[in-house]
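Colleague: Input structure: upload.csv, which contains CSV, C-alpha atoms.
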chain,number,residue,atom,x,y,z
A,1,CYS,CA,-4.1,-10.7,-5.4
A,2,VAL,CA,-2.1,-7.6,-5.8
A,3,GLY,CA,-3.0,-5.6,-2.6
A,4,ALA,CA,-5.4,-5.2,0.3
A,5,PHE,CA,-7.1,-2.3,2.1
A,6,VAL,CA,-5.6,-2.1,5.7
A,7,GLY,CA,-7.7,0.6,7.1
A,8,ALA,CA,-9.1,4.1,6.8
A,9,HIS,CA,-7.1,7.3,6.7
A,10,GLY,CA,-8.5,10.6,7.8
A,11,VAL,CA,-12.2,11.6,7.8
A,12,ARG,CA,-12.7,12.2,4.1
A,13,GLY,CA,-13.0,8.5,3.1
A,14,GLN,CA,-9.4,7.9,2.2
A,15,ALA,CA,-8.0,4.4,2.8
A,16,ARG,CA,-4.7,2.8,3.4
A,17,LEU,CA,-3.6,0.2,0.8
A,18,ARG,CA,-0.9,-2.4,1.2
A,19,SER,CA,0.6,-3.5,-2.1
A,20,PHE,CA,1.7,-7.1,-2.7
A,21,THR,CA,3.4,-6.5,-6.0
A,22,GLU,CA,7.2,-6.8,-6.4
A,23,ASN,CA,7.5,-3.1,-7.0
A,24,PRO,CA,4.8,-1.7,-4.6
A,25,GLU,CA,3.8,1.2,-6.9
A,26,ASP,CA,2.9,-1.3,-9.7
A,27,VAL,CA,-0.4,-1.9,-7.9
A,28,PHE,CA,-1.6,1.3,-9.5
A,29,SER,CA,-0.8,0.1,-13.0
A,30,TYR,CA,-3.4,-2.7,-12.9
A,31,SER,CA,-7.0,-2.3,-14.0
A,32,PRO,CA,-9.6,-3.3,-13.2
A,33,LEU,CA,-9.0,-4.0,-9.5
A,34,THR,CA,-11.8,-6.1,-8.1
A,35,ASN,CA,-12.6,-7.9,-4.8
A,36,GLU,CA,-12.1,-11.6,-4.7
A,37,SER,CA,-15.5,-12.5,-6.2
A,38,GLY,CA,-15.1,-9.9,-8.9
A,39,ASP,CA,-18.4,-8.3,-8.3
A,40,LYS,CA,-17.0,-4.9,-7.0
A,41,VAL,CA,-14.5,-2.8,-9.0
A,42,PHE,CA,-12.2,-0.3,-7.3
A,43,ALA,CA,-10.8,2.8,-9.0
A,44,LEU,CA,-7.9,4.1,-6.9
A,45,LYS,CA,-5.9,7.3,-6.8
A,46,ARG,CA,-2.7,7.5,-5.0
A,47,ILE,CA,-2.5,10.4,-2.6
A,48,GLY,CA,0.5,9.6,-0.4
A,49,VAL,CA,2.9,7.1,1.0
A,50,MET,CA,3.1,5.8,4.6
A,51,LYS,CA,5.7,3.5,6.1
A,52,ASP,CA,4.3,0.3,4.7
A,53,CYS,CA,1.3,1.3,2.6
A,54,PHE,CA,-0.2,3.9,0.4
A,55,MET,CA,-2.9,6.5,1.2
A,56,VAL,CA,-5.5,6.3,-1.6
A,57,SER,CA,-8.8,7.8,-2.5
A,58,VAL,CA,-11.4,5.2,-3.7
A,59,ALA,CA,-13.9,6.3,-6.3
A,60,GLY,CA,-17.3,6.5,-4.7
A,61,VAL,CA,-16.0,6.5,-1.1
A,62,SER,CA,-16.1,9.9,0.7
A,63,ASP,CA,-16.9,8.8,4.3
A,64,ARG,CA,-14.5,7.4,6.9
A,65,ASP,CA,-16.9,4.7,7.9
A,66,VAL,CA,-17.2,3.4,4.4
A,67,ALA,CA,-13.4,3.5,4.0
A,68,ALA,CA,-13.0,1.7,7.3
A,69,ALA,CA,-15.4,-1.0,6.1
A,70,LEU,CA,-13.0,-1.8,3.2
A,71,LYS,CA,-10.4,-3.0,5.7
A,72,GLY,CA,-9.4,-6.6,4.8
A,73,THR,CA,-10.7,-6.4,1.3
A,74,ARG,CA,-8.1,-7.9,-1.0
A,75,LEU,CA,-7.7,-6.5,-4.5
A,76,TYR,CA,-7.4,-8.9,-7.5
A,77,VAL,CA,-6.6,-8.6,-11.2
A,78,ASP,CA,-7.1,-11.1,-14.0
A,79,ARG,CA,-4.1,-13.5,-14.3
A,80,ASP,CA,-3.6,-12.4,-17.9
A,81,ALA,CA,-2.9,-8.8,-16.7
A,82,LEU,CA,0.2,-9.9,-14.8
A,83,PRO,CA,3.7,-10.0,-16.4
A,84,LYS,CA,4.9,-13.3,-17.6
A,85,THR,CA,7.4,-15.0,-15.2
A,86,LYS,CA,11.0,-15.6,-16.1
A,87,ASP,CA,12.8,-18.9,-15.6
A,88,GLY,CA,13.0,-19.6,-11.9
A,89,GLU,CA,10.2,-17.1,-11.1
A,90,TYR,CA,6.6,-17.9,-10.2
A,91,TYR,CA,3.6,-16.4,-8.6
A,92,GLU,CA,2.9,-17.6,-5.0
A,93,ALA,CA,-0.6,-18.6,-6.2
A,94,ASP,CA,1.0,-21.1,-8.6
A,95,LEU,CA,2.4,-23.0,-5.6
A,96,VAL,CA,-1.1,-23.7,-4.1
A,97,GLY,CA,-2.1,-27.3,-4.8
A,98,LEU,CA,1.4,-28.5,-5.7
A,99,GLU,CA,2.5,-31.8,-4.4
A,100,ALA,CA,5.1,-31.5,-1.6
A,101,VAL,CA,7.8,-34.2,-1.8
A,102,ASP,CA,10.9,-34.7,0.4
A,103,LEU,CA,14.5,-35.0,-0.8
A,104,ASN,CA,13.9,-38.6,-1.6
A,105,GLY,CA,10.8,-37.9,-3.7
A,106,GLU,CA,8.4,-39.3,-1.1
A,107,THR,CA,5.1,-37.4,-0.9
A,108,LYS,CA,4.8,-35.2,2.2
A,109,GLY,CA,1.4,-33.7,1.2
A,110,LYS,CA,0.1,-30.7,-0.7
A,111,VAL,CA,0.8,-26.9,-0.5
A,112,LEU,CA,-2.3,-25.2,1.0
A,113,GLY,CA,-1.0,-21.7,0.8
A,114,VAL,CA,1.8,-19.2,1.2
A,115,HIS,CA,1.6,-16.9,4.2
A,116,ASP,CA,3.6,-14.0,5.4
A,117,TYR,CA,3.0,-12.7,8.9
A,118,GLY,CA,5.8,-10.2,8.8
A,119,ALA,CA,8.8,-12.4,9.6
A,120,GLY,CA,9.1,-14.0,6.2
A,121,SER,CA,7.0,-16.3,4.1
A,122,PHE,CA,5.9,-19.7,5.1
A,123,LEU,CA,4.5,-22.6,3.0
A,124,GLU,CA,1.4,-24.3,4.6
A,125,ILE,CA,1.7,-28.0,4.0
A,126,LYS,CA,-1.2,-30.4,4.4
A,127,PRO,CA,0.3,-33.8,5.0
A,128,VAL,CA,-1.2,-37.0,3.8
A,129,VAL,CA,-2.1,-37.7,7.5
A,130,GLY,CA,-2.6,-35.1,10.2
A,131,ALA,CA,-3.1,-31.3,10.5
A,132,SER,CA,-1.4,-28.8,8.3
A,133,TYR,CA,1.9,-27.2,9.3
A,134,MET,CA,4.0,-24.2,8.4
A,135,LEU,CA,7.5,-24.5,6.8
A,136,PRO,CA,9.8,-21.5,6.3
A,137,PHE,CA,9.7,-20.6,2.6
A,138,ASN,CA,13.4,-20.3,1.9
A,139,ASP,CA,16.2,-22.3,0.1
A,140,ARG,CA,17.0,-24.3,3.3
A,141,PHE,CA,13.5,-25.8,3.7
A,142,VAL,CA,12.2,-25.5,0.1
A,143,PRO,CA,15.3,-26.2,-2.1
A,144,LYS,CA,13.4,-26.8,-5.4
A,145,ILE,CA,10.2,-25.7,-7.1
A,146,ASP,CA,9.1,-27.3,-10.4
A,147,ILE,CA,5.8,-25.6,-11.4
A,148,ALA,CA,5.6,-27.6,-14.7
A,149,ALA,CA,5.9,-30.9,-12.9
A,150,GLY,CA,3.5,-29.7,-10.2
A,151,VAL,CA,6.0,-30.5,-7.4
A,152,VAL,CA,7.7,-28.5,-4.7
A,153,THR,CA,10.6,-30.2,-2.9
A,154,VAL,CA,10.7,-29.7,0.9
A,155,ASP,CA,13.2,-30.6,3.5
A,156,VAL,CA,11.2,-31.1,6.7
A,157,PRO,CA,13.5,-31.6,9.7
A,158,GLU,CA,12.7,-34.7,11.8
A,159,GLY,CA,10.3,-33.9,14.6
A,160,TRP,CA,9.1,-30.6,13.0
A,161,PRO,CA,5.9,-29.3,14.7
A,162,GLY,CA,2.9,-30.6,12.9
A,163,GLU,CA,4.7,-33.1,10.7
A,164,ALA,CA,2.8,-36.4,10.6
A,165,LYS,CA,4.6,-39.1,12.6
A,166,GLU,CA,5.0,-42.6,11.2
A,167,LYS,CA,3.1,-45.2,13.1
What do you get writing this file as structure tokens?

Modeller:
Amino acid sequence: CVGAFVGAHGVRGQARLRSFTENPEDVFSYSPLTNESGDKVFALKRIGVMKDCFMVSVAGVSDRDVAAALKGTRLYVDRDALPKTKDGEYYEADLVGLEAVDLNGETKGKVLGVHDYGAGSFLEIKPVVGASYMLPFNDRFVPKIDIAAGVVTVDVPEGWPGEAKEK
């Protein structure tokens, strides 16, 4: 996922687009851009920049209501279209499904997702027992990621909300 429509802009069918790429303008270099199922292709033209998103025209969209209906649609590209990662780099999607282990190598669960609600990224961990919980995605709480081994090391403080309690 390289971006998402976040709303309409104006009355001529323009939309606001938030980029998820490292360099936000890179979203325009990918093609084709599709919805999650891949059954709809979007051709975009950048027409301006706002505080945290781009104003775009979308081929075939000339009405505000149609542009507004795009809100929440996430834009995807084929994995092969993305640049190769360097050592120590990874795509957030690569973390989903990895085994989460503590500093002693004990299984804590699996990574369900990576979320960013504006205050920084969080890993969602589904423990072996109990409901999933969020863990700040930074070096303090996630000191090591080994994509090749399929493991992410987490340091979950004792009593962390949502952490499964031993019986």

Colleague: In Å, with one decimal, what is the gap from CA of Pro136 (chain A) to CA of Cys1 (chain A)?

Modeller: 21.1 Å

Colleague: Which of these residues is nearest to Phe20 (chain A), using only C-alpha atoms: A:Lys86, A:Arg79, A:Lys144, A:Arg74?

Modeller: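 Under the stated criterion, the closest residue is A:Arg74.
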
Colleague: Considering all atoms listed in the file, can you say which of A:Val77, A:Leu70, A:Val49, A:Leu103 comes closest to Thr21 (chain A)?

Modeller: A:Val77

Colleague: For region 84-135 of chain A versus region 153-163 of chain A, which residues have an atom no more than 8 Å away, and what is each residue's nearest atom pair and distance in Å rounded to one decimal, using only C-alpha atoms, chain-then-number order, as JSON lines?

Modeller:
{"residue": "A:Ala100", "atom": "CA", "partner": "A:Thr153", "partner_atom": "CA", "distance": 5.8}
{"residue": "A:Val101", "atom": "CA", "partner": "A:Thr153", "partner_atom": "CA", "distance": 5.0}
{"residue": "A:Asp102", "atom": "CA", "partner": "A:Val154", "partner_atom": "CA", "distance": 5.0}
{"residue": "A:Leu103", "atom": "CA", "partner": "A:Asp155", "partner_atom": "CA", "distance": 6.3}
{"residue": "A:Gly105", "atom": "CA", "partner": "A:Thr153", "partner_atom": "CA", "distance": 7.7}
{"residue": "A:Pro127", "atom": "CA", "partner": "A:Glu163", "partner_atom": "CA", "distance": 7.2}
{"residue": "A:Gly130", "atom": "CA", "partner": "A:Glu163", "partner_atom": "CA", "distance": 7.6}
{"residue": "A:Ala131", "atom": "CA", "partner": "A:Gly162", "partner_atom": "CA", "distance": 6.5}
{"residue": "A:Ser132", "atom": "CA", "partner": "A:Gly162", "partner_atom": "CA", "distance": 6.5}
{"residue": "A:Tyr133", "atom": "CA", "partner": "A:Gly162", "partner_atom": "CA", "distance": 5.1}
{"residue": "A:Met134", "atom": "CA", "partner": "A:Gly162", "partner_atom": "CA", "distance": 7.9}
{"residue": "A:Leu135", "atom": "CA", "partner": "A:Val156", "partner_atom": "CA", "distance": 7.6}

Colleague: Quick check, in Å to one decimal: how far apart do CA of Gly3 (chain A) and CA of Thr73 (chain A) lie?

Modeller: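 These atoms are spaced 8.7 Å apart.
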
Colleague: Using the structure block above, produce a file of region 59-90 of chain A that contains N, CA and C atoms, as a compact mmCIF listing (two decimals), in the first residue's frame.

Modeller:
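Writing the result to selection_35.txt gives the following:
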# COMPACT_ATOMS: atom_id res chain seq x y z
N ALA A 59 -8.31 10.16 -13.16
CA ALA A 59 -8.90 9.92 -14.48
C ALA A 59 -10.29 9.33 -14.32
N GLY A 60 -11.26 9.92 -15.02
CA GLY A 60 -12.63 9.43 -14.99
C GLY A 60 -13.48 9.99 -13.87
N VAL A 61 -12.90 10.82 -13.01
CA VAL A 61 -13.64 11.40 -11.88
C VAL A 61 -13.74 12.91 -12.11
N SER A 62 -14.97 13.39 -12.28
CA SER A 62 -15.15 14.83 -12.52
C SER A 62 -16.24 15.41 -11.62
N ASP A 63 -16.65 14.64 -10.62
CA ASP A 63 -17.74 15.05 -9.74
C ASP A 63 -17.30 14.92 -8.29
N ARG A 64 -17.62 15.92 -7.49
CA ARG A 64 -17.23 15.90 -6.08
C ARG A 64 -17.75 14.66 -5.34
N ASP A 65 -18.98 14.26 -5.62
CA ASP A 65 -19.54 13.10 -4.92
C ASP A 65 -18.76 11.82 -5.23
N VAL A 66 -18.34 11.66 -6.46
CA VAL A 66 -17.54 10.49 -6.84
C VAL A 66 -16.18 10.56 -6.15
N ALA A 67 -15.57 11.74 -6.14
CA ALA A 67 -14.29 11.91 -5.45
C ALA A 67 -14.43 11.64 -3.96
N ALA A 68 -15.51 12.11 -3.36
CA ALA A 68 -15.74 11.88 -1.93
C ALA A 68 -15.92 10.40 -1.64
N ALA A 69 -16.52 9.67 -2.57
CA ALA A 69 -16.73 8.23 -2.37
C ALA A 69 -15.41 7.44 -2.38
N LEU A 70 -14.36 8.05 -2.91
CA LEU A 70 -13.05 7.38 -2.91
C LEU A 70 -12.39 7.39 -1.53
N LYS A 71 -12.87 8.26 -0.63
CA LYS A 71 -12.25 8.38 0.69
C LYS A 71 -12.11 7.02 1.34
N GLY A 72 -10.91 6.74 1.82
CA GLY A 72 -10.62 5.47 2.47
C GLY A 72 -10.07 4.41 1.54
N THR A 73 -10.17 4.64 0.23
CA THR A 73 -9.61 3.69 -0.72
C THR A 73 -8.10 3.75 -0.65
N ARG A 74 -7.49 2.60 -0.41
CA ARG A 74 -6.04 2.52 -0.33
C ARG A 74 -5.50 2.12 -1.69
N LEU A 75 -4.33 2.68 -2.05
CA LEU A 75 -3.72 2.43 -3.35
C LEU A 75 -2.54 1.48 -3.21
N TYR A 76 -2.52 0.49 -4.08
CA TYR A 76 -1.51 -0.57 -4.02
C TYR A 76 -0.74 -0.67 -5.32
N VAL A 77 0.48 -1.19 -5.22
CA VAL A 77 1.29 -1.53 -6.39
C VAL A 77 1.79 -2.95 -6.18
N ASP A 78 2.19 -3.60 -7.28
CA ASP A 78 2.78 -4.92 -7.16
C ASP A 78 4.08 -4.82 -6.38
N ARG A 79 4.36 -5.82 -5.58
CA ARG A 79 5.57 -5.83 -4.76
C ARG A 79 6.82 -5.67 -5.62
N ASP A 80 6.81 -6.25 -6.82
CA ASP A 80 7.97 -6.16 -7.71
C ASP A 80 8.27 -4.74 -8.16
N ALA A 81 7.29 -3.83 -8.05
CA ALA A 81 7.49 -2.44 -8.47
C ALA A 81 8.23 -1.62 -7.42
N LEU A 82 8.31 -2.14 -6.20
CA LEU A 82 8.95 -1.41 -5.11
C LEU A 82 10.46 -1.58 -5.15
N PRO A 83 11.20 -0.59 -4.68
CA PRO A 83 12.67 -0.72 -4.64
C PRO A 83 13.08 -1.83 -3.68
N LYS A 84 14.19 -2.44 -3.99
CA LYS A 84 14.74 -3.46 -3.09
C LYS A 84 15.17 -2.79 -1.80
N THR A 85 15.04 -3.49 -0.69
CA THR A 85 15.44 -2.93 0.60
C THR A 85 16.94 -3.16 0.81
N LYS A 86 17.53 -2.27 1.58
CA LYS A 86 18.93 -2.39 1.96
C LYS A 86 19.01 -3.18 3.26
N ASP A 87 20.21 -3.54 3.67
CA ASP A 87 20.40 -4.22 4.95
C ASP A 87 19.82 -3.36 6.06
N GLY A 88 19.04 -3.97 6.94
CA GLY A 88 18.44 -3.25 8.06
C GLY A 88 17.16 -2.52 7.69
N GLU A 89 16.75 -2.59 6.43
CA GLU A 89 15.50 -1.98 6.00
C GLU A 89 14.50 -3.08 5.67
N TYR A 90 13.23 -2.73 5.71
CA TYR A 90 12.17 -3.69 5.42
C TYR A 90 10.91 -2.89 5.14
